[in-house]
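Contents: one structure, followed by commentary.
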Amino acid sequence: MSKPIDLLIDEYVSPVSVTGTKDMKLSDVTNLMREGGFRHLPIVEDKKPVGIISDRDISLLDSLEDLSDLTVEEVMVKDPYCAYAGTSIGEVAFEMSSRKIGSALILTNEGELDGIFTSIDGLNALIEIVRGDL
C-alpha cells in the first residue's frame, strides 16, 4: 500500500489582490470581476473575510431586471468556508467537495485573509501529483 501524500494548502493558494466590501454595489463588483478575469471575490472587513461572491452567484441573479440597487451584503454568501494556512490540502478539498463549493478562503493565524484556494488550484495540485512533480 502506498503512503498517502500530505500536502499543505499553502503551496497551492492563489494570492488575492482584489477584495470587496459589503457596501459595494453589485454592478460594480460584476464589472470588477469581469475586468479582472476572476471568478471569486472575497468580501472583507478589517482584513477578515465576512463573505464571498462568485460568478455563479452573479449568473443566478442575471434574470432579475435591475441589479443596480443591490449591494454586496444582500447577495454575498455569508460566513464562507475558510481554512488556516498550514491545513492539509486533502482536508480542504474534502470540505469543498462535501459542501459543493468552488473555493476556500485561506487565513493567517490572526484570521486575516491570506489567499484563496479554488477548484482550479486543486486540479493544478492533482496534475503535479500525477506527473510526479512532487
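Residues are referred to by chain and number: the chain letter is A, B, ... according to the order shown in the C-alpha cells, the number counts from 1 in that chain, and ligands are numbered separately from 1 in the order shown.
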Output as a PyMOL selection string all residues of chain A that backbone DSSP marks as strand (DSSP E or B). chain A and resi 8+14+20+25+40-45+48-54+71+77-78+82-84+88+103-107+113-118
Saved selection, atoms kept: C-alpha atoms, as an mmCIF file, in the first residue's frame:
```cif
data_model
loop_
_atom_site.group_PDB
_atom_site.id
_atom_site.type_symbol
_atom_site.label_atom_id
_atom_site.label_comp_id
_atom_site.auth_asym_id
_atom_site.auth_seq_id
_atom_site.Cartn_x
_atom_site.Cartn_y
_atom_site.Cartn_z
ATOM 1 C CA LEU A 8 -0.208 21.686 2.775
ATOM 2 C CA SER A 14 -3.568 31.908 -5.080
ATOM 3 C CA GLY A 20 -14.779 43.780 -1.956
ATOM 4 C CA LYS A 25 -22.935 47.916 -5.498
ATOM 5 C CA HIS A 40 -14.457 34.644 -6.803
ATOM 6 C CA LEU A 41 -14.338 37.876 -4.831
ATOM 7 C CA PRO A 42 -13.721 37.712 -1.080
ATOM 8 C CA ILE A 43 -15.633 40.311 0.917
ATOM 9 C CA VAL A 44 -13.600 41.608 3.838
ATOM 10 C CA GLU A 45 -13.999 43.811 6.863
ATOM 11 C CA LYS A 48 -11.064 39.439 7.805
ATOM 12 C CA PRO A 49 -13.421 37.628 5.398
ATOM 13 C CA VAL A 50 -17.133 38.106 6.046
ATOM 14 C CA GLY A 51 -18.426 36.806 2.730
ATOM 15 C CA ILE A 52 -17.704 35.828 -0.842
ATOM 16 C CA ILE A 53 -19.330 36.364 -4.221
ATOM 17 C CA SER A 54 -18.762 34.058 -7.168
ATOM 18 C CA THR A 71 -25.404 45.771 -2.518
ATOM 19 C CA VAL A 77 -22.511 34.159 0.763
ATOM 20 C CA LYS A 78 -22.060 34.968 4.429
ATOM 21 C CA CYS A 82 -12.273 29.239 5.490
ATOM 22 C CA ALA A 83 -9.200 27.222 6.413
ATOM 23 C CA TYR A 84 -5.979 28.289 8.026
ATOM 24 C CA SER A 88 -3.788 19.746 4.652
ATOM 25 C CA SER A 103 -13.285 27.911 -3.356
ATOM 26 C CA ALA A 104 -11.938 28.185 0.162
ATOM 27 C CA LEU A 105 -10.580 31.351 1.734
ATOM 28 C CA ILE A 106 -7.236 30.778 3.424
ATOM 29 C CA LEU A 107 -6.486 32.673 6.616
ATOM 30 C CA LEU A 113 -7.333 36.796 4.529
ATOM 31 C CA ASP A 114 -4.137 35.223 3.199
ATOM 32 C CA GLY A 115 -5.311 33.880 -0.170
ATOM 33 C CA ILE A 116 -7.851 31.734 -1.961
ATOM 34 C CA PHE A 117 -7.796 28.085 -2.945
ATOM 35 C CA THR A 118 -10.057 27.285 -5.882
#
```
Can you list, as a ChimeraX atom specification, every protein, DNA or RNA residue that comes within 10 Å of Ile101 in chain A when you count only C-alpha atoms, leaving out same-chain residues fewer than 5 positions away? /A:54,80-81,93,95-96,118-119
Got a sec: who's within 12 Å of Asp57 in chain A, counting only C-alpha atoms, leaving out chain neighbours fewer than 6 positions off, as a ChimeraX atom specification? /A:26,29-30,39-41,63,72,74-77,101-102
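If you look at CA of Tyr12 in chain A and CA of Gly132 in chain A, they are 15.8 Å away from each other.
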Could you tell me, as a PyMOL selection string, which residues of range 2-123 of chain A DSSP assigns to helix (DSSP H, G or I) when given the backbone? chain A and resi 9-12+26-36+55-61+72-75+89-99+119-123
Would you please work out which residue, of A:Glu73, A:Glu35, A:Asp6, A:Asp46, is nearest to Asp23 in chain A when using only C-alpha atoms? A:Glu73
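Among A:Asp55, A:Leu126, A:Gly90, A:Phe38, the residue with the shortest atom-to-atom distance to Pro15 in chain A, counting only C-alpha atoms, is A:Phe38.
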